[in-house]
Amino acid sequence: MPIGFIPPSGQNTNIKTETGASRSELDNLQDRFEKLKLVTMAMWTYLKEQRGLTEENLVQRVKEIDMLDGSADGKLKLGVKKCAKCNRSLNPKFEKCQYCGEVNTPGSIFETF
Ligand SMILES: [Zn+2]
């Protein structure tokens, strides 16, 4: 099989890619990405219709959000949050600090994943 060849879905699902991810993992990510794109587009078209927004409004907002991490690179990489009580790094999957048990309420739902 040539390097970089990706078999059709449903075949050879345990083949590892150069990054070590299996085809089934990539298929799962692809499915989740397509679903996220669908929901995002539904939300956008709803807002566009209800609020009279334009594609330029959306592009401008994307640029503003992109700069929240200090880099206009088309990605949003928020830094690791610190516990308000012990100042250790927080795991975004848990509401409580793993070290001291302090409950740290996220400022945004986007800080939870
Ligand atoms: Zn803590």
# chains A, B, ... in the order shown; residues from 1 in each chain; ligands from 1
call {"tool": "residues_near_ligand", "arguments": {"ligand": "ligand 1", "cutoff": "7 Å", "atoms": "only C-alpha atoms and all ligand atoms", "output": "list of chain:residue names"}}
result
A:Cys83, A:Ala84, A:Lys85, A:Cys86, A:Asn87, A:Arg88, A:Cys97, A:Gln98, A:Tyr99, A:Cys100, A:Gly101, A:Glu102
call {"tool": "write_last_selection", "arguments": {"atoms": "N, CA and C atoms", "output": "compact mmCIF listing (two decimals), in the first residue's frame"}}
result
# COMPACT_ATOMS: atom_id res chain seq x y z
N CYS A 83 -5.70 27.76 39.18
CA CYS A 83 -6.63 27.72 40.30
C CYS A 83 -6.56 29.04 41.06
N ALA A 84 -7.74 29.58 41.39
CA ALA A 84 -7.80 30.86 42.11
C ALA A 84 -7.25 30.73 43.53
N LYS A 85 -7.26 29.52 44.09
CA LYS A 85 -6.80 29.33 45.47
C LYS A 85 -5.32 28.94 45.56
N CYS A 86 -4.91 27.90 44.81
CA CYS A 86 -3.53 27.39 44.95
C CYS A 86 -2.63 27.75 43.78
N ASN A 87 -3.20 28.34 42.73
CA ASN A 87 -2.47 28.81 41.54
C ASN A 87 -1.83 27.68 40.73
N ARG A 88 -2.27 26.44 40.91
CA ARG A 88 -1.77 25.36 40.07
C ARG A 88 -2.63 25.27 38.80
N CYS A 97 -10.50 21.92 41.48
CA CYS A 97 -9.05 21.81 41.37
C CYS A 97 -8.64 20.42 41.89
N GLN A 98 -7.78 19.75 41.10
CA GLN A 98 -7.33 18.41 41.48
C GLN A 98 -6.41 18.44 42.70
N TYR A 99 -5.84 19.58 43.02
CA TYR A 99 -4.86 19.67 44.10
C TYR A 99 -5.49 20.12 45.42
N CYS A 100 -6.33 21.15 45.37
CA CYS A 100 -6.86 21.70 46.63
C CYS A 100 -8.38 21.58 46.74
N GLY A 101 -9.07 21.16 45.67
CA GLY A 101 -10.51 20.97 45.73
C GLY A 101 -11.33 22.24 45.51
N GLU A 102 -10.66 23.36 45.29
CA GLU A 102 -11.37 24.62 45.05
C GLU A 102 -12.24 24.51 43.79
call {"tool": "closest_atom_pairs", "arguments": {"of": "segment 35-97 of chain A", "to": "segment 104-112 of chain A", "cutoff": "10 Å", "atoms": "only C-alpha atoms", "output": "CSV"}}
result
residue,atom,partner,partner_atom,distance
A:Leu78,CA,A:Glu111,CA,7.9
A:Gly79,CA,A:Glu111,CA,9.5
A:Val80,CA,A:Glu111,CA,9.3
A:Lys81,CA,A:Glu111,CA,8.6
A:Lys82,CA,A:Asn104,CA,9.0
A:Cys83,CA,A:Asn104,CA,6.7
A:Ala84,CA,A:Asn104,CA,6.9
A:Lys85,CA,A:Asn104,CA,8.8
A:Leu90,CA,A:Asn104,CA,8.6
A:Asn91,CA,A:Thr112,CA,8.8
A:Pro92,CA,A:Thr112,CA,5.0
A:Lys93,CA,A:Thr112,CA,6.1
A:Phe94,CA,A:Thr112,CA,8.1
A:Glu95,CA,A:Asn104,CA,5.9
A:Lys96,CA,A:Asn104,CA,6.1
A:Cys97,CA,A:Asn104,CA,7.0
call {"tool": "select_by_dssp", "arguments": {"residues": "chain A", "states": "helix (DSSP H, G or I)", "output": "ChimeraX atom specification"}}
result
/A:23-51,55-69,109-111
call {"tool": "atom_distance", "arguments": {"atom1": "atom CA of Lys77 of chain A", "atom2": "atom CA of Val103 of chain A"}}
result
23.0 Å
call {"tool": "atom_distance", "arguments": {"atom1": "atom CA of Tyr46 of chain A", "atom2": "atom CA of Val59 of chain A"}}
result
16.2 Å
call {"tool": "atom_distance", "arguments": {"atom1": "atom CA of Val62 of chain A", "atom2": "atom CA of Ala42 of chain A"}}
result
16.6 Å
